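Structure data follow from run_18.cif (mmCIF, C-alpha atoms):
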```cif
data_structure
#
loop_
_atom_site.label_atom_id
_atom_site.label_comp_id
_atom_site.auth_asym_id
_atom_site.auth_seq_id
_atom_site.Cartn_x
_atom_site.Cartn_y
_atom_site.Cartn_z
CA MET V 1 39.78 12.52 5.85
CA ASP V 2 43.35 12.85 7.01
CA LYS V 3 44.45 10.60 4.19
CA ASP V 4 42.68 12.77 1.59
CA SER V 5 44.16 15.96 3.01
CA ASP V 6 47.61 14.36 2.95
CA ASN V 7 47.12 13.46 -0.72
CA THR V 8 45.93 16.95 -1.52
CA ASN V 9 48.87 18.50 0.30
CA SER V 10 51.38 16.23 -1.37
CA GLY V 11 49.81 16.99 -4.77
CA THR V 12 50.03 20.72 -4.09
CA THR V 13 53.60 20.35 -2.93
CA THR V 14 54.46 18.40 -6.07
CA THR V 15 52.84 21.05 -8.25
CA THR V 16 54.65 23.81 -6.35
CA ASN V 17 57.97 21.97 -6.62
CA THR V 18 57.42 21.48 -10.35
CA MET V 19 56.63 25.19 -10.79
CA ASP V 20 59.67 26.20 -8.72
CA LYS V 21 61.84 23.85 -10.79
CA GLY V 22 60.46 25.39 -14.00
CA LYS V 23 61.21 28.90 -12.74
CA ALA V 24 64.73 27.85 -11.74
CA GLU V 25 65.33 26.32 -15.18
CA ASN V 26 64.00 29.49 -16.80
CA LYS V 27 66.37 31.61 -14.70
CA ASP V 28 69.30 29.32 -15.55
CA TRP V 29 68.51 29.70 -19.25
CA LEU V 30 68.33 33.47 -18.84
CA LYS V 31 71.70 33.54 -17.06
CA TRP V 32 73.35 31.71 -19.95
CA VAL V 33 71.78 34.04 -22.51
CA ALA V 34 73.01 37.04 -20.51
CA LEU V 35 76.50 35.54 -20.26
CA VAL V 36 76.73 34.92 -24.01
CA ALA V 37 75.41 38.42 -24.75
CA LEU V 38 77.99 39.99 -22.42
CA ILE V 39 80.79 37.96 -24.01
CA PHE V 40 79.84 39.19 -27.48
CA GLN V 41 79.35 42.75 -26.25
CA ASN V 42 82.69 42.98 -24.45
CA SER V 43 84.71 41.21 -27.13
CA GLY V 44 83.09 43.16 -29.94
CA LEU V 45 83.30 46.54 -28.21
CA ALA V 46 86.99 47.18 -28.80
CA ILE V 47 86.92 45.83 -32.34
CA LEU V 48 83.87 47.84 -33.37
CA MET V 49 85.06 51.04 -31.71
CA ARG V 50 88.47 50.75 -33.35
CA TYR V 51 86.94 49.97 -36.73
CA THR V 52 84.69 53.02 -36.60
CA PHE V 53 87.61 55.25 -35.68
CA VAL V 54 89.83 53.87 -38.44
CA SER V 55 87.15 53.86 -41.15
CA GLY V 56 86.11 57.41 -40.34
CA THR V 57 82.80 59.02 -41.17
CA GLY V 58 81.72 62.54 -41.92
CA ALA V 59 83.66 65.43 -43.44
CA ASP V 60 86.64 65.29 -41.07
CA GLY V 61 86.70 61.50 -40.71
CA ARG V 62 85.43 61.51 -37.10
CA TYR V 63 82.12 61.41 -35.35
CA ILE V 64 80.96 62.91 -32.09
CA THR V 65 81.55 60.40 -29.31
CA SER V 66 78.71 61.75 -27.20
CA THR V 67 76.32 60.81 -30.01
CA ALA V 68 77.72 57.28 -30.03
CA VAL V 69 77.34 57.02 -26.25
CA LEU V 70 73.77 58.33 -26.44
CA HIS V 71 72.82 55.83 -29.15
CA ALA V 72 74.41 52.97 -27.19
CA GLU V 73 72.41 53.92 -24.10
CA LEU V 74 69.19 54.25 -26.12
CA LEU V 75 69.80 50.79 -27.59
CA LYS V 76 70.24 49.38 -24.07
CA LEU V 77 67.00 51.09 -23.01
CA VAL V 78 65.06 49.54 -25.90
CA ILE V 79 66.51 46.09 -25.20
CA SER V 80 65.71 46.33 -21.49
CA MET V 81 62.16 47.51 -22.20
CA ILE V 82 61.62 44.53 -24.52
CA ALA V 83 63.07 42.20 -21.88
CA CYS V 84 60.76 43.72 -19.25
CA PHE V 85 57.76 43.21 -21.52
CA ILE V 86 58.64 39.58 -22.25
CA LEU V 87 60.07 38.42 -18.93
CA ASP V 88 58.43 40.56 -16.23
CA ALA V 89 55.04 41.31 -17.77
CA ASN V 90 54.67 37.96 -19.60
CA GLN V 91 53.75 39.87 -22.78
CA ASN V 92 50.74 41.48 -21.12
CA TYR V 93 50.39 45.17 -22.02
CA SER V 94 48.42 46.21 -18.92
CA VAL V 95 50.93 44.55 -16.58
CA TYR V 96 53.79 46.07 -18.58
CA PHE V 97 52.39 49.61 -18.38
CA ASN V 98 51.72 49.12 -14.66
CA ILE V 99 55.37 48.10 -14.15
CA ILE V 100 56.59 51.07 -16.18
CA TYR V 101 54.34 53.50 -14.27
CA THR V 102 55.42 52.08 -10.90
CA GLU V 103 59.11 52.18 -11.73
CA PHE V 104 59.22 55.56 -13.48
CA ILE V 105 56.62 57.56 -11.55
CA GLY V 106 56.20 55.77 -8.24
CA ASN V 107 59.86 55.33 -7.36
CA ARG V 108 61.29 58.82 -7.84
CA GLY V 109 63.59 58.38 -4.82
CA ASP V 110 65.26 55.43 -6.51
CA TRP V 111 65.80 57.53 -9.64
CA LEU V 112 67.62 60.18 -7.61
CA LYS V 113 69.84 57.52 -6.05
CA LEU V 114 70.73 56.17 -9.48
CA MET V 115 71.65 59.54 -10.96
CA VAL V 116 75.22 59.62 -9.59
CA PRO V 117 76.28 56.17 -10.87
CA SER V 118 74.55 56.76 -14.21
CA VAL V 119 76.38 60.06 -14.77
CA LEU V 120 79.66 58.37 -13.86
CA TYR V 121 78.87 55.49 -16.21
CA THR V 122 78.19 57.93 -19.05
CA LEU V 123 81.49 59.66 -18.31
CA GLN V 124 83.22 56.27 -18.36
CA ASN V 125 81.72 55.47 -21.76
CA SER V 126 82.88 58.80 -23.15
CA LEU V 127 86.37 58.20 -21.80
CA GLN V 128 86.38 54.76 -23.46
CA TYR V 129 85.94 56.37 -26.84
CA TYR V 130 88.73 58.82 -26.09
CA SER V 131 91.07 56.05 -24.92
CA MET V 132 90.27 53.99 -28.01
CA SER V 133 91.38 56.90 -30.16
CA CYS V 134 94.73 56.94 -28.33
CA LEU V 135 95.38 53.19 -27.86
CA SER V 136 95.42 50.11 -30.05
CA ALA V 137 92.53 47.68 -29.69
CA PRO V 138 94.47 44.95 -27.78
CA VAL V 139 95.95 47.42 -25.29
CA PHE V 140 92.55 49.02 -24.79
CA GLN V 141 90.91 45.63 -24.20
CA VAL V 142 93.49 44.58 -21.58
CA LEU V 143 93.22 47.89 -19.75
CA TYR V 144 89.43 47.77 -20.01
CA GLN V 145 89.41 44.35 -18.32
CA MET V 146 91.54 45.72 -15.49
CA LYS V 147 88.44 47.40 -14.09
CA ILE V 148 87.24 43.98 -12.90
CA ILE V 149 90.43 43.42 -10.94
CA THR V 150 90.34 46.88 -9.39
CA THR V 151 86.67 46.43 -8.51
CA ALA V 152 87.48 43.13 -6.79
CA VAL V 153 90.41 44.65 -4.89
CA PHE V 154 88.42 47.67 -3.71
CA SER V 155 85.41 45.56 -2.76
CA VAL V 156 87.70 43.50 -0.51
CA LEU V 157 89.59 46.48 0.91
CA ILE V 158 86.80 49.02 1.30
CA LEU V 159 83.63 46.93 1.60
CA SER V 160 85.26 43.98 3.44
CA LYS V 161 83.72 41.51 1.01
CA ARG V 162 85.03 38.00 0.76
CA ILE V 163 85.77 36.50 -2.62
CA SER V 164 86.58 32.88 -3.34
CA VAL V 165 89.86 31.55 -4.69
CA SER V 166 88.22 30.72 -8.02
CA GLN V 167 86.94 34.31 -8.31
CA VAL V 168 90.45 35.64 -7.65
CA CYS V 169 91.96 33.29 -10.25
CA CYS V 170 89.33 34.17 -12.85
CA SER V 171 89.67 37.90 -12.31
CA HIS V 172 93.45 37.66 -12.79
CA LEU V 173 93.16 35.45 -15.88
CA LEU V 174 90.72 37.83 -17.56
CA PRO V 175 93.18 40.47 -18.84
CA MET V 176 95.70 37.90 -20.08
CA PRO V 177 95.93 37.62 -23.85
CA THR V 178 94.68 34.48 -25.51
#
```

Take the structure in this file and express it as structure tokens.
Amino acid sequence: MDKDSDNTNSGTTTTTNTMDKGKAENKDWLKWVALVALIFQNSGLAILMRYTFVSGTGADGRYITSTAVLHAELLKLVISMIACFILDANQNYSVYFNIIYTEFIGNRGDWLKLMVPSVLYTLQNSLQYYSMSCLSAPVFQVLYQMKIITTAVFSVLILSKRISVSQVCCSHLLPMPT
């Protein structure tokens, strides 16, 4: 009997290890997809913003930056909702609507906590459009990347976080031109 229970336990452990390995591989794949998407987003941001300012639209050759910020945020919302449906709910509508209900209705306190950073982020996006109208694309991109360095410096100084040597080197190499 002990031998059978040992076999059953080892079989369960093997199955669990295989499932954990599959989840880890799935998360690794997702990390790489997110990295590639962020690379394209950040490298294309300055180019696309500058192109739209130079090409000009409308009667006076400009568009309202708040409309562009709103559409960018709506696009992010749609993409995140699709990702939630595929990754979190496993393409199950009832699970998806349960997640949406729980996050939007059940966690109102979390929404209030997120209001301050989200308003600041919207202000930052609006200021990016203004700065792009005043700066060239390469200068904007270098200054835009400086936010990573300042975030690292303030996280060390204010939050007493430790960062590795490789993180310091990478954050200082980021704004350098290629």

Which residues are close to Ile163 in chain V, i.e. within 12 Å by all atoms listed in the file, leaving aside same-chain residues fewer than 6 positions away? Reply as a VMD selection string. chain V and resid 149 151 to 157 169 to 171

Pairwise distance, CA of Asn42 in chain V with CA of Glu73 in chain V, equals 15.0 Å

Go ahead and compute the interatomic distance for CA of His172 in chain V and CA of Thr150 in chain V, in Å to one decimal. 10.3 Å

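Atom pair CA of Ile148 in chain V / CA of Val116 in chain V: separated by 20.0 Å.
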
In terms of the shortest atom-to-atom distance over all atoms listed in the file, which of V:Thr65, V:Ser160, V:Ser80, V:Gln145 is closest to Thr52 in chain V? V:Thr65

List the neighbours of Leu127 in chain V out to 12 Å using all atoms listed in the file; skip same-chain residues closer than 5 positions along the sequence, and give me the result as an NGL selection string. :V and (65-66 or 68-69 or 120-122 or 132-135 or 140 or 144)

Please list as number ranges by chain every residue within 12 Å of Ser131 in chain V, counting all atoms listed in the file and excluding residues in the same chain fewer than 6 positions away. V: 46, 49-50, 53, 65, 124-125, 137-141, 143-144
